[in-house]
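Reviewing the structure listed below.
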Amino acid sequence: MPLKRPAAGLAFCLFFLASYFTNKYVLSVLKFTYPTLFQGWQTLVGGFLLHISWKIGWVEISISSRSDVLSWLPASALFVGIIYSGSRALSRLPIPIFLTLHNAAEVVTYGIETFVQKEQISSIKICRMLTLLVAAGCLPIYDPQFDTDGYFWAFIHVLSVGAYKGYHKSWNPSSLSISEQQYINYAFSVVMLAFASHPTGDLFSALEFPFLYFYRFHSSCFASGVLGFFLAYHTMKLKNSTSAGQYAAWSFLAKVITAGLSPFFFEITVNVPTVCCLLLAGFAEVLLLYTERNGT
């Protein structure tokens, strides 16, 4: 499948790589593991920059119906689960492992389509689903760096992502644009994470963070918020300007680049079975490209 919109696609890949690397640095190297604060900061910056983008005409946001907003709130609650659990998981798991498990969310989405919406799924999609299940299911068995908490939060992340995508597909897509959905997600997340920071203990525990007054912590957090917004912005831009197959191709390329470069910057220990699981997950992504190209 030839890649179209190279400028938008390459920008998406660049911000995907930079965002993941910055988040991984803050979470695993600096060990700032207070997700209500870290993700609250990112969604606050993202919401502010998206609001500015709306005012200067980069995106169109026109939410006129309160019922549309209320009907999207369950998805926003799932969005909070996605970013919170994702932050927890990424702080403990290598990036290639995390991305492989993240891809398994498609299994949850397929399950919703099959058993809830009663949709027919092609044999190719069933093959891809089984491939994802095998790849993700075997990872905790063979991973030499197995971390119980990391895989637990990755499991919650997979359920949240799958449910979010399933809700999005079942919801009326014409009611709100992608940018409007993201705007509501940001606003809802800022409020929920702010309220959750005290009962989770993150608010006061962060005061004991050893790098709290260090420049590299401040600059990394600032970069994570800005990069996270530009990743979301270019994701919306790419989805609006290309087909689902083209977006899947650019997403696959971004994941391959990010996973391939991450061992040069962050610690990871693998063995032959783990590598096989990662390659199997990559094969499942290729099957996705095939199904999107052929519409099966």
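We name chains A, B, ... following the order of the structure tokens; residues begin at 1 in each chain, and ligands are numbered from 1 as shown.
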Shell around Ser179 in chain A at 12 Å using only C-alpha atoms, local window under 4 positions removed, as a count of residues only: 28
Please identify all polymer residues within 10 Å of Leu130 in chain A, counting only C-alpha atoms, omitting same-chain residues fewer than 5 positions from it, and present them as a CSV table (one decimal) with all heavy atoms, in the first residue's frame.
```csv
chain,number,residue,atom,x,y,z
A,104,ALA,N,-3.5,-5.3,21.4
A,104,ALA,CA,-4.4,-6.4,21.7
A,104,ALA,C,-5.8,-5.8,22.1
A,104,ALA,O,-6.8,-6.5,22.2
A,104,ALA,CB,-3.9,-7.2,22.9
A,107,VAL,N,-8.8,-6.8,20.1
A,107,VAL,CA,-9.6,-8.0,20.4
A,107,VAL,C,-10.9,-7.6,21.2
A,107,VAL,O,-11.9,-8.2,20.9
A,107,VAL,CB,-8.7,-9.0,21.2
A,107,VAL,CG1,-9.6,-10.2,21.7
A,107,VAL,CG2,-7.5,-9.4,20.4
A,124,ILE,N,-10.3,-13.2,7.9
A,124,ILE,CA,-9.1,-12.5,8.0
A,124,ILE,C,-9.0,-11.8,9.4
A,124,ILE,O,-8.0,-11.8,10.1
A,124,ILE,CB,-8.8,-11.5,6.9
A,124,ILE,CG1,-8.7,-12.3,5.5
A,124,ILE,CG2,-7.6,-10.7,7.1
A,124,ILE,CD1,-7.4,-13.1,5.5
A,125,LYS,N,-10.1,-11.1,9.7
A,125,LYS,CA,-10.1,-10.4,11.0
A,125,LYS,C,-10.1,-11.4,12.2
A,125,LYS,O,-9.5,-11.1,13.2
A,125,LYS,CB,-11.4,-9.6,11.1
A,125,LYS,CG,-11.4,-8.3,10.3
A,125,LYS,CD,-12.5,-7.4,10.6
A,125,LYS,CE,-12.4,-6.1,9.8
A,125,LYS,NZ,-13.5,-5.1,10.2
A,135,ALA,N,0.1,-13.4,20.6
A,135,ALA,CA,1.2,-12.6,20.9
A,135,ALA,C,1.2,-11.9,22.3
A,135,ALA,O,2.1,-11.9,23.0
A,135,ALA,CB,1.3,-11.5,19.8
A,136,ALA,N,0.0,-11.3,22.6
A,136,ALA,CA,-0.1,-10.7,23.9
A,136,ALA,C,-0.2,-11.7,25.0
A,136,ALA,O,0.3,-11.4,26.1
A,136,ALA,CB,-1.4,-9.8,23.9
A,284,ALA,N,0.3,-9.3,12.8
A,284,ALA,CA,-1.1,-8.9,13.0
A,284,ALA,C,-1.4,-7.5,12.5
A,284,ALA,O,-2.5,-7.3,11.9
A,284,ALA,CB,-1.5,-9.0,14.5
```
Within 7 Å of range 32-37 of chain A, which residues of range 116-216 of chain A come that close, and what is the closest atom pair and distance in Å for each? Count only C-alpha atoms and give it as JSON lines.
```
{"residue": "A:Leu193", "atom": "CA", "partner": "A:Thr36", "partner_atom": "CA", "distance": 5.1}
{"residue": "A:Ala194", "atom": "CA", "partner": "A:Thr36", "partner_atom": "CA", "distance": 7.0}
{"residue": "A:Ala196", "atom": "CA", "partner": "A:Thr36", "partner_atom": "CA", "distance": 6.6}
{"residue": "A:Ser197", "atom": "CA", "partner": "A:Thr36", "partner_atom": "CA", "distance": 5.3}
{"residue": "A:Asp202", "atom": "CA", "partner": "A:Tyr34", "partner_atom": "CA", "distance": 5.3}
{"residue": "A:Ala206", "atom": "CA", "partner": "A:Tyr34", "partner_atom": "CA", "distance": 6.9}
```
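Between Leu176 in chain A and the residues A:Phe217, A:Ala105, A:Ser243, A:Asp68, the shortest atom-to-atom distance, using only C-alpha atoms, involves A:Asp68.
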Give me the residues near Glu267 in chain A as JSON, numbers by chain, where near means some atom within 12 Å (using only C-alpha atoms) and where sequence neighbours in that chain fewer than 3 positions away do not count. {"A": [24, 25, 28, 29, 92, 93, 94, 95, 96, 97, 145, 261, 262, 263, 264, 270]}
Counting only C-alpha atoms, the option among A:Trp72, A:Tyr151, A:Tyr142, A:Phe222 closest to Trp171 in chain A: A:Trp72
Hey, what's within 7 Å of Ser19 in chain A if we count only C-alpha atoms and toss same-chain stuff fewer than 6 positions away? As an MDAnalysis selection string, please? chainID A and resid 224 227:228
Any chance you can output those residues with C-alpha atoms as a PDB file, in the first residue's frame?
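Saved file part_22.pdb follows:
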```pdb
ATOM      1  CA  SER A 224       5.538  15.859  27.315  1.00  0.00           C
ATOM      2  CA  LEU A 227       4.373  16.789  22.307  1.00  0.00           C
ATOM      3  CA  GLY A 228       1.256  15.002  23.513  1.00  0.00           C
TER       4      GLY A 228
END
```
Please provide the set of residues having any atom within 10 Å of Leu99 in chain A, restricted to only C-alpha atoms, with same-chain residues fewer than 6 positions apart removed, written as a PyMOL selection string. chain A and resi 90+93+136+154+255-256+258-259+278+281
Using only all heavy atoms, please write the residues we just selected to a file, as a PDB file, in the first residue's frame.
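What ended up in out_22.pdb:
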```pdb
ATOM      1  N   LEU A  90       3.290   1.952  31.161  1.00  0.00           N
ATOM      2  CA  LEU A  90       4.505   2.383  30.458  1.00  0.00           C
ATOM      3  C   LEU A  90       5.652   2.654  31.423  1.00  0.00           C
ATOM      4  O   LEU A  90       6.827   2.525  31.049  1.00  0.00           O
ATOM      5  CB  LEU A  90       4.203   3.632  29.632  1.00  0.00           C
ATOM      6  CG  LEU A  90       5.299   4.119  28.690  1.00  0.00           C
ATOM      7  CD1 LEU A  90       5.645   3.047  27.664  1.00  0.00           C
ATOM      8  CD2 LEU A  90       4.871   5.405  27.979  1.00  0.00           C
ATOM      9  N   LEU A  93       6.943  -1.126  31.862  1.00  0.00           N
ATOM     10  CA  LEU A  93       7.163  -2.030  30.729  1.00  0.00           C
ATOM     11  C   LEU A  93       7.977  -1.342  29.637  1.00  0.00           C
ATOM     12  O   LEU A  93       7.810  -0.139  29.403  1.00  0.00           O
ATOM     13  CB  LEU A  93       5.825  -2.489  30.143  1.00  0.00           C
ATOM     14  CG  LEU A  93       4.881  -3.261  31.074  1.00  0.00           C
ATOM     15  CD1 LEU A  93       3.570  -3.541  30.351  1.00  0.00           C
ATOM     16  CD2 LEU A  93       5.518  -4.546  31.559  1.00  0.00           C
ATOM     17  N   ALA A 136       0.001 -11.340  22.611  1.00  0.00           N
ATOM     18  CA  ALA A 136      -0.139 -10.673  23.909  1.00  0.00           C
ATOM     19  C   ALA A 136      -0.210 -11.668  25.049  1.00  0.00           C
ATOM     20  O   ALA A 136       0.311 -11.417  26.143  1.00  0.00           O
ATOM     21  CB  ALA A 136      -1.392  -9.790  23.902  1.00  0.00           C
ATOM     22  N   ALA A 154      -1.388  -2.806  32.148  1.00  0.00           N
ATOM     23  CA  ALA A 154      -1.506  -2.970  30.704  1.00  0.00           C
ATOM     24  C   ALA A 154      -2.825  -3.662  30.350  1.00  0.00           C
ATOM     25  O   ALA A 154      -3.470  -3.318  29.346  1.00  0.00           O
ATOM     26  CB  ALA A 154      -0.327  -3.773  30.162  1.00  0.00           C
ATOM     27  N   LYS A 255       4.788   2.934  14.944  1.00  0.00           N
ATOM     28  CA  LYS A 255       5.030   1.948  15.998  1.00  0.00           C
ATOM     29  C   LYS A 255       6.328   1.179  15.753  1.00  0.00           C
ATOM     30  O   LYS A 255       7.094   0.921  16.688  1.00  0.00           O
ATOM     31  CB  LYS A 255       3.856   0.970  16.093  1.00  0.00           C
ATOM     32  CG  LYS A 255       2.579   1.595  16.621  1.00  0.00           C
ATOM     33  CD  LYS A 255       1.419   0.609  16.545  1.00  0.00           C
ATOM     34  CE  LYS A 255       0.110   1.251  16.970  1.00  0.00           C
ATOM     35  NZ  LYS A 255      -1.038   0.323  16.819  1.00  0.00           N
ATOM     36  N   VAL A 256       6.576   0.824  14.500  1.00  0.00           N
ATOM     37  CA  VAL A 256       7.805   0.091  14.162  1.00  0.00           C
ATOM     38  C   VAL A 256       9.037   0.945  14.453  1.00  0.00           C
ATOM     39  O   VAL A 256      10.014   0.474  15.054  1.00  0.00           O
ATOM     40  CB  VAL A 256       7.785  -0.340  12.679  1.00  0.00           C
ATOM     41  CG1 VAL A 256       9.158  -0.867  12.252  1.00  0.00           C
ATOM     42  CG2 VAL A 256       6.730  -1.416  12.450  1.00  0.00           C
ATOM     43  N   THR A 258       9.289   3.534  16.527  1.00  0.00           N
ATOM     44  CA  THR A 258       9.397   3.780  17.971  1.00  0.00           C
ATOM     45  C   THR A 258       9.893   2.544  18.712  1.00  0.00           C
ATOM     46  O   THR A 258      10.795   2.636  19.553  1.00  0.00           O
ATOM     47  CB  THR A 258       8.032   4.221  18.537  1.00  0.00           C
ATOM     48  OG1 THR A 258       7.597   5.386  17.830  1.00  0.00           O
ATOM     49  CG2 THR A 258       8.136   4.537  20.020  1.00  0.00           C
ATOM     50  N   ALA A 259       9.304   1.394  18.391  1.00  0.00           N
ATOM     51  CA  ALA A 259       9.724   0.148  19.049  1.00  0.00           C
ATOM     52  C   ALA A 259      11.145  -0.232  18.651  1.00  0.00           C
ATOM     53  O   ALA A 259      11.924  -0.731  19.480  1.00  0.00           O
ATOM     54  CB  ALA A 259       8.755  -0.976  18.686  1.00  0.00           C
ATOM     55  N   LEU A 278       6.778 -10.375  19.639  1.00  0.00           N
ATOM     56  CA  LEU A 278       6.795  -9.037  19.050  1.00  0.00           C
ATOM     57  C   LEU A 278       6.611  -9.100  17.531  1.00  0.00           C
ATOM     58  O   LEU A 278       5.869  -8.302  16.948  1.00  0.00           O
ATOM     59  CB  LEU A 278       8.106  -8.326  19.395  1.00  0.00           C
ATOM     60  CG  LEU A 278       8.386  -8.096  20.882  1.00  0.00           C
ATOM     61  CD1 LEU A 278       9.738  -7.412  21.072  1.00  0.00           C
ATOM     62  CD2 LEU A 278       7.290  -7.262  21.527  1.00  0.00           C
ATOM     63  N   ALA A 281       3.029  -9.952  16.696  1.00  0.00           N
ATOM     64  CA  ALA A 281       2.177  -8.760  16.787  1.00  0.00           C
ATOM     65  C   ALA A 281       2.344  -7.882  15.547  1.00  0.00           C
ATOM     66  O   ALA A 281       1.377  -7.289  15.061  1.00  0.00           O
ATOM     67  CB  ALA A 281       2.517  -7.976  18.049  1.00  0.00           C
TER      68      ALA A 281
END
```
Selected residue of minimal separation from His168 in chain A among A:Pro74, A:Gly81, A:Gly201, A:Gly225, counting only C-alpha atoms: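 Selected residue with least distance to His168 in chain A: A:Pro74.
Closest to Ala254 in chain A among A:Leu139, A:Val158, A:Ala8, A:Leu17 is A:Leu17, based on only C-alpha atoms.
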